[in-house]
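K.L.:
Below you will find the structure I want to go over with you.
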Amino acid sequence: MKSGQIGKMLDINLSTKKIEKIDLDVKIVQQYLGGLGLCIKLLYDQVGTDVDAFSEDNIIVLATGPLSGTSASSNGRTHVATKSPLTGIIGMGNFGGFFGPKLRKAGFEGIIIRGKSSKPVFLWIDDGNTKLIEADHLWGKDTYETTDLFKKDLGNDVSVFAIGQAGENLVKFACPIADYYHAPGRSSVGCIMGDKKLKAIVVRGTKKIDLYDKISFHKAVIEATDRIIDYPDKGERRRIGSHLSRFKIKSKQGLIRSGNFATHELSEDHDFFNLPSSLEQRIVYRSDSFGPRCITAPYYGCDLEADVSSGPYKGVKLGGIGFSSIGNDWGVRCGIKSYPAMFKCKELCNRYGTDSANPISFAIELFEKGIINKDDVGGLELILGNEKEIMEMLRKIAYREGFGNILAEGTAEAARLIGKGADKCALTMKGKQIMEPNVRFMGAARVLGAMTCTRGGDDLNSTHTINDTESFPEWAKELGWTKKQYLSWLIDYIDIFPEEKEKIYGSPPRDEFLNIDSYKGKPRLVVWFEHLTAVVNSIGLCIVSSNMVPALGPSHMAKLYSACTGWELTPGQLMKIGERIFNLMKAYNIRAGMRRKDDAFPLRSYEEPLNGGPAKGETVISREKTEKMLDEYYEIRGWNVNTGIPTEEKLSELELEDVAKTLYE
């Protein structure tokens with residue numbers, strides 16, 4: 001390893017209490033970068049698909065990226081991975097805040113956790129010193145209480161990565177929480193930490209992170225930062241995050257509907273109709289207390305905190321409230337009308353340590369249809385908008401009480417256990433709850449990105465937040481631009497290789513590309529962003545800077561990475577690494593039995609018409625169009641069009657010959 005790279009990981013065996021400091025293999029780092037790439041490589045090599053998720057042989061991998069903890073714009077991300085007990089395939093998530101930078105400053109790129117402890121413990125990392133300490137006194141406490149105690153005992157400069165009651169009780173969609181607000185959601189890592197009796201990882205890091213070429217790195221940082229600052233969107237989204245683009249206008253157009261299948265009209269007194277004032281009056285802008293200062297934070301609300309000063313939820317404080325997921329999960333899916341109540345639901349998820357995209361909306365629809373009744377759910381009136389009952393069901397899930405014990409298994413398994421046609425209401429992909437409630441308005445590229453996402457249920461590891469690259473955004477309209485002007489600007493601005501731009505947007509560029517229902521060029525756009533997102537998640541940057549604000553692409557990332565590590569990579573080489581990482585994730589799922597049929601939405605999305613709104617009578621998506629798009633996507637990737645399996649030739653091209661032998665032996 002050259003200067004600029006730490007090159008060490010912790011290998012923790014909870015069964016034997018043995019802690020090793022291991023050197024990373026240089027070839028693996030060169031081929032997989034760090035973060036996501038390192039997580040997937042270690043998981044693929046060490047946890048076969050025949051390993052039970054609750055076995056001692058399952059591992060958890062946490063890995064930072066080489067830019068995490070540096071001055072790079074939008075740095076600070078950490079990736080986690082395990083074999084998911086919910087889906088049987090990869091469980092992975094990404095989170096920000098102080099944890100990753102502090103871990104690197106303590107002298108480690110990441111942590112491997114294996115085995116099981118016989119009783120609760122936490123891992124304490126104090127710069128280079130590490131030890132496992134008994135945590136019986138913490139078992140049963142939520143993540144906020146746990147974090148408070150650690151900060152009181154060890155100091156405010158520590159970062160705490162902890163599970164709550166959901167993880168302890170093996171809720172299959174439980175996730176850890178870092179420093180109150182940061183969640184590697186959708187990973188099931190909280191469940192596996194609970195199974196291993198690992199209550200928390202606490203880290204203090206004070207060492208300096210070296211850079212290989214400080215002058216070149218500083219120049220690259222300035223260039224990247226200027227790109228982000230110069231992004232033309234200067235409107236309300238900077239004040240309230242992505243709520244503006246997702247809810248303000250669409251609500252008034254009748255495009256936002258509530259419920260498990262988004263089939264109910266929004267109540268007229270819903271806070272969505274009063275944006276931005278309904279959100280602005282309950283937020284406080286934060287400069288640095290939510291995490292390392294990031295220039296992209298205003299674009300997505302990362303540094304916005306809820307501070308409810310009156311009403312039934314007085315005292316609720318919650319970071320990151322600019323994320324539209326809060327509105328999707330609670331305002332749309334569960335029909336909750338007010339932002340303070342939505343904030344409380346999200347706070348409970350953070351305290352218990354559980355995903356906020358959970359089976360409650362599924363249970364609400366079952367209740368509406370009479371498949372379950374009040375006796376089944378402990379006397380609760382489980383209907384849209386009943387916030388107190390919804391919050392009580394969150395508690396029941398976290399403690400596995402009553403019907404909560406069934407929902408704790410996840411939507412797909414809960415539907416099987418309930419029977420009586422419940423499976424028709426289970427909106428899952430690859431066994432995981434769909435995160436986006438209004439699929440009808442996602443756009444063609446994001447629809448395909450969700451279908452091909454390797455962890456299932458969302459497009460966060462692929463095309464998430466690329467709306468501006470496949471539509472005519474509101475901010476461009478506010479500037480008075482025409483579609484032609486915007487498309488011309490976008491093609492000139494976005495960092496995509498010229499030959500790829502021509503294939504994606506056409507030559508001359510097609511105005512119809514900005515129609516989110518248009519499928520032409522979208523498969524190639526999805527492939528590009530899947531590779532780019534794999535790179536972003538591996539080097540420790542945030543996808544907001546590359547996807548939602550498409551400011552940083554491979555040209556900028558290659559400069560940052562090369563100057564930081566001393567390993568010169570061209571933009572093309574960086575994207576090839578992204579392709580390798582994505583193919584390795586796909587190969588893991590193929591080993592687990594996944595095929596083309598699994599790259600699909602639930603049948604309901606193709607067959608059941610919407611019952612209201614502008615798209616009344618139409619199905620959510622067209623099977624014919626999505627299947628054609630999937631054909632093209634597989635062809636571009638060099639995968640078997642009939643099965644979705646990467647070909648031997650493609651794997652060999654990516655230096656994955658050993659993987660090809662496993663798939664084709």
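Chain labels A, B, ... are given in the sequence in which chains occur in the structure tokens; within each chain residues are numbered consecutively from 1, and ligands are likewise numbered from 1 in the order shown.
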For range 282-368 of chain A versus range 440-462 of chain A, which residues have an atom no more than 12 Å away, and what is each residue's nearest atom pair and distance in Å rounded to one decimal, using only C-alpha atoms, chain-then-number order, as JSON lines?

P.N.:
```
{"residue": "A:Ser325", "atom": "CA", "partner": "A:Leu460", "partner_atom": "CA", "distance": 11.7}
{"residue": "A:Ala357", "atom": "CA", "partner": "A:Gly457", "partner_atom": "CA", "distance": 9.7}
{"residue": "A:Asn358", "atom": "CA", "partner": "A:Gly457", "partner_atom": "CA", "distance": 11.1}
```

K.L.:
Need the shell around Asp195 in chain A: protein/DNA/RNA residues with any atom at most 12 Å away, counting only C-alpha atoms. Skip same-chain ones fewer than 6 positions apart. Format as a count of residues only?

P.N.:
30

K.L.:
Which residues, written as an MDAnalysis selection string, have at least one atom at most 10 Å from Asp210 in chain A, with only C-alpha atoms counted and residues fewer than 4 positions away on the same chain left out?

P.N.:
chainID A and resid 2:6 70 105 214 564:565

K.L.:
Could you take the residues named above and write them with all heavy atoms, as a short mmCIF file (atom, residue, chain, number, x, y, z; two decimals), in the first residue's frame?

P.N.:
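Written out: out-v1.cif:
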```cif
data_model
loop_
_atom_site.label_atom_id
_atom_site.label_comp_id
_atom_site.auth_asym_id
_atom_site.auth_seq_id
_atom_site.Cartn_x
_atom_site.Cartn_y
_atom_site.Cartn_z
N LYS A 2 0.43 2.26 -0.76
CA LYS A 2 1.14 3.52 -0.79
C LYS A 2 0.58 4.45 0.27
O LYS A 2 -0.46 4.20 0.86
CB LYS A 2 1.00 4.15 -2.17
CG LYS A 2 1.57 3.29 -3.31
CD LYS A 2 1.41 3.99 -4.64
CE LYS A 2 1.98 3.14 -5.78
NZ LYS A 2 1.85 3.81 -7.08
N SER A 3 1.27 5.56 0.51
CA SER A 3 0.71 6.54 1.43
C SER A 3 -0.61 7.03 0.85
O SER A 3 -0.77 7.12 -0.36
CB SER A 3 1.69 7.71 1.60
OG SER A 3 1.86 8.41 0.39
N GLY A 4 -1.56 7.35 1.70
CA GLY A 4 -2.90 7.67 1.25
C GLY A 4 -3.84 6.50 1.41
O GLY A 4 -5.04 6.62 1.22
N GLN A 5 -3.29 5.33 1.75
CA GLN A 5 -4.11 4.15 1.99
C GLN A 5 -3.75 3.54 3.33
O GLN A 5 -2.57 3.44 3.69
CB GLN A 5 -3.90 3.12 0.88
CG GLN A 5 -4.39 3.63 -0.47
CD GLN A 5 -3.96 2.72 -1.59
OE1 GLN A 5 -2.79 2.39 -1.70
NE2 GLN A 5 -4.90 2.31 -2.40
N ILE A 6 -4.75 3.14 4.06
CA ILE A 6 -4.51 2.57 5.38
C ILE A 6 -4.16 1.08 5.26
O ILE A 6 -3.21 0.60 5.87
CB ILE A 6 -5.75 2.78 6.28
CG1 ILE A 6 -5.92 4.28 6.52
CG2 ILE A 6 -5.60 2.04 7.60
CD1 ILE A 6 -7.24 4.66 7.14
N THR A 70 -11.50 12.28 4.11
CA THR A 70 -10.65 13.28 3.48
C THR A 70 -11.47 14.56 3.30
O THR A 70 -12.58 14.68 3.79
CB THR A 70 -10.14 12.79 2.12
OG1 THR A 70 -11.24 12.73 1.19
CG2 THR A 70 -9.50 11.41 2.24
N LYS A 105 -9.63 7.11 10.72
CA LYS A 105 -8.68 7.85 11.54
C LYS A 105 -8.22 7.04 12.75
O LYS A 105 -7.22 7.39 13.39
CB LYS A 105 -9.31 9.17 11.99
CG LYS A 105 -9.49 10.16 10.83
CD LYS A 105 -10.19 11.44 11.26
CE LYS A 105 -10.34 12.38 10.07
NZ LYS A 105 -11.03 13.64 10.43
N LYS A 214 -0.88 15.65 -2.19
CA LYS A 214 -1.76 16.65 -1.57
C LYS A 214 -2.14 17.77 -2.53
O LYS A 214 -3.29 18.23 -2.54
CB LYS A 214 -1.08 17.23 -0.34
CG LYS A 214 -0.88 16.23 0.79
CD LYS A 214 -0.19 16.89 1.98
CE LYS A 214 0.04 15.87 3.09
NZ LYS A 214 0.73 16.47 4.27
N CYS A 564 -5.33 10.70 -4.22
CA CYS A 564 -5.44 10.23 -2.83
C CYS A 564 -4.57 9.00 -2.59
O CYS A 564 -3.85 8.92 -1.59
CB CYS A 564 -6.90 9.92 -2.50
SG CYS A 564 -7.15 9.22 -0.85
N THR A 565 -4.64 8.03 -3.51
CA THR A 565 -4.02 6.72 -3.27
C THR A 565 -2.67 6.51 -3.94
O THR A 565 -1.91 5.64 -3.52
CB THR A 565 -4.95 5.60 -3.75
OG1 THR A 565 -5.08 5.68 -5.19
CG2 THR A 565 -6.33 5.71 -3.12
#
```

K.L.:
How far is it from CA of Tyr231 in chain A to CA of Gly327 in chain A, in Å with one decimal?

P.N.:
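For CA of Tyr231 in chain A relative to CA of Gly327 in chain A, the distance reads 25.2 Å.
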
K.L.:
Restricting the calculation to only C-alpha atoms, which member of A:Thr78, A:Ser338, A:Arg186, A:Ser73 is positioned closest to Ser356 in chain A?

P.N.:
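For Ser356 in chain A, the nearest of the given residues is A:Arg186.
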
K.L.:
Select, from A:Tyr588, A:Arg623, A:Pro614, A:Lys196, the residue with the minimum atom-to-atom distance to Pro646 in chain A, counting only C-alpha atoms.

P.N.:
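Among A:Tyr588, A:Arg623, A:Pro614, A:Lys196, it is A:Tyr588 that comes nearest to Pro646 in chain A.
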
K.L.:
If you count only C-alpha atoms, which residues fall within 7 Å of Gly93 in chain A, apart from same-chain ones fewer than 4 positions away, as a PyMOL selection string?

P.N.:
chain A and resi 79-81+184-187

K.L.:
Which distance in Å separates CA of Ile90 in chain A and CA of Met585 in chain A, to one decimal?

P.N.:
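Atom-to-atom, CA of Ile90 in chain A and CA of Met585 in chain A are spaced 7.7 Å apart.
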
K.L.:
Show which residues sit within 10 Å of Lys576 in chain A, as a ChimeraX atom specification. Count only C-alpha atoms, and ignore same-chain residues fewer than 3 positions away.

P.N.:
/A:31,531-532,535,570-573,579-582,653-654

K.L.:
Please list as number ranges by chain every residue within 6 Å of range 546-553 of chain A, counting only C-alpha atoms and excluding residues in the same chain fewer than 4 positions away.

P.N.:
A: 227-228, 465-466, 495

K.L.:
Do a neighbour search on Leu132 in chain A at 12 Å with only C-alpha atoms, toss out local chain neighbours closer than 2 positions, and write the hits as a VMD selection string.

P.N.:
chain A and resid 12 to 19 113 117 119 to 126 129 to 130 134 to 135 197 to 202

K.L.:
Take the selection from the previous step and output its residues with N, CA, C and O atoms, as a compact mmCIF listing (two decimals), in the first residue's frame.

P.N.:
```
# COMPACT_ATOMS: atom_id res chain seq x y z
N ILE A 12 -12.86 -9.70 13.57
CA ILE A 12 -13.37 -9.97 14.92
C ILE A 12 -14.10 -11.31 14.93
O ILE A 12 -15.08 -11.49 14.20
N ASN A 13 -13.63 -12.25 15.75
CA ASN A 13 -14.34 -13.51 15.93
C ASN A 13 -15.06 -13.46 17.28
O ASN A 13 -14.43 -13.53 18.34
N LEU A 14 -16.37 -13.33 17.25
CA LEU A 14 -17.14 -13.19 18.49
C LEU A 14 -17.23 -14.50 19.26
O LEU A 14 -17.45 -14.49 20.47
N SER A 15 -17.05 -15.62 18.57
CA SER A 15 -17.09 -16.92 19.26
C SER A 15 -15.87 -17.12 20.15
O SER A 15 -15.97 -17.58 21.29
N THR A 16 -14.71 -16.75 19.62
CA THR A 16 -13.46 -16.96 20.35
C THR A 16 -12.96 -15.70 21.04
O THR A 16 -11.99 -15.76 21.80
N LYS A 17 -13.61 -14.57 20.74
CA LYS A 17 -13.20 -13.24 21.26
C LYS A 17 -11.82 -12.83 20.74
O LYS A 17 -11.14 -11.99 21.33
N LYS A 18 -11.42 -13.42 19.63
CA LYS A 18 -10.12 -13.10 19.05
C LYS A 18 -10.25 -11.90 18.12
O LYS A 18 -11.14 -11.83 17.28
N ILE A 19 -9.34 -10.94 18.25
CA ILE A 19 -9.31 -9.75 17.42
C ILE A 19 -7.98 -9.73 16.66
O ILE A 19 -6.91 -9.77 17.26
N ILE A 113 -16.84 -9.13 10.91
CA ILE A 113 -17.37 -9.70 12.15
C ILE A 113 -17.87 -11.10 11.84
O ILE A 113 -18.71 -11.30 10.97
N SER A 117 -21.33 -14.39 19.79
CA SER A 117 -21.04 -14.28 21.22
C SER A 117 -22.15 -14.97 22.01
O SER A 117 -23.31 -15.00 21.59
N LYS A 119 -23.10 -13.96 24.94
CA LYS A 119 -23.83 -12.91 25.64
C LYS A 119 -23.50 -11.56 25.02
O LYS A 119 -22.51 -11.42 24.28
N PRO A 120 -24.32 -10.54 25.30
CA PRO A 120 -24.14 -9.25 24.64
C PRO A 120 -22.76 -8.64 24.87
O PRO A 120 -22.24 -8.65 25.99
N VAL A 121 -22.20 -8.08 23.79
CA VAL A 121 -20.91 -7.40 23.85
C VAL A 121 -20.96 -6.17 22.95
O VAL A 121 -21.84 -6.04 22.09
N PHE A 122 -20.01 -5.27 23.15
CA PHE A 122 -19.79 -4.21 22.16
C PHE A 122 -18.31 -4.16 21.84
O PHE A 122 -17.45 -4.57 22.63
N LEU A 123 -18.01 -3.69 20.64
CA LEU A 123 -16.63 -3.54 20.18
C LEU A 123 -16.21 -2.09 20.39
O LEU A 123 -16.86 -1.17 19.90
N TRP A 124 -15.11 -1.90 21.13
CA TRP A 124 -14.59 -0.57 21.43
C TRP A 124 -13.28 -0.38 20.68
O TRP A 124 -12.31 -1.12 20.86
N ILE A 125 -13.26 0.62 19.79
CA ILE A 125 -12.07 0.95 18.99
C ILE A 125 -11.63 2.34 19.39
O ILE A 125 -12.33 3.33 19.12
N ASP A 126 -10.51 2.44 20.04
CA ASP A 126 -9.99 3.72 20.51
C ASP A 126 -8.66 3.95 19.81
O ASP A 126 -7.62 3.45 20.24
N ASN A 129 -6.34 0.89 19.43
CA ASN A 129 -6.62 -0.10 20.47
C ASN A 129 -8.05 -0.63 20.34
O ASN A 129 -9.00 0.14 20.15
N THR A 130 -8.20 -1.94 20.45
CA THR A 130 -9.52 -2.56 20.27
C THR A 130 -9.76 -3.60 21.34
O THR A 130 -8.84 -4.31 21.77
N GLU A 134 -18.30 -6.61 27.68
CA GLU A 134 -19.65 -7.09 27.96
C GLU A 134 -20.66 -5.95 27.92
O GLU A 134 -20.35 -4.82 28.33
N ALA A 135 -21.87 -6.25 27.43
CA ALA A 135 -22.88 -5.21 27.25
C ALA A 135 -24.24 -5.64 27.76
O ALA A 135 -25.28 -5.21 27.24
N LYS A 197 -25.20 -11.21 18.99
CA LYS A 197 -25.15 -10.55 20.30
C LYS A 197 -24.17 -9.38 20.33
O LYS A 197 -23.56 -9.08 21.35
N LEU A 198 -24.01 -8.72 19.18
CA LEU A 198 -23.16 -7.54 19.10
C LEU A 198 -24.05 -6.30 19.20
O LEU A 198 -24.74 -5.94 18.25
N LYS A 199 -24.06 -5.68 20.36
CA LYS A 199 -24.94 -4.54 20.60
C LYS A 199 -24.48 -3.30 19.87
O LYS A 199 -25.30 -2.52 19.36
N ALA A 200 -23.17 -3.09 19.79
CA ALA A 200 -22.69 -1.83 19.21
C ALA A 200 -21.23 -1.93 18.83
O ALA A 200 -20.48 -2.78 19.33
N ILE A 201 -20.83 -1.02 17.95
CA ILE A 201 -19.42 -0.75 17.66
C ILE A 201 -19.21 0.73 17.97
O ILE A 201 -19.93 1.58 17.45
N VAL A 202 -18.26 1.02 18.82
CA VAL A 202 -17.99 2.39 19.24
C VAL A 202 -16.57 2.74 18.82
O VAL A 202 -15.63 1.97 19.09
```

K.L.:
Pick from A:Pro609, A:Tyr399, A:Ala422, A:Phe272: nearest to Gly370 in chain A, with only C-alpha atoms counted?

P.N.:
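Looking at the shortest contact to Gly370 in chain A, the residue is A:Ala422.
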
K.L.:
From a backbone DSSP assignment, name each residue in range 358-516 of chain A labelled strand (DSSP E), as a count of residues only.

P.N.:
4
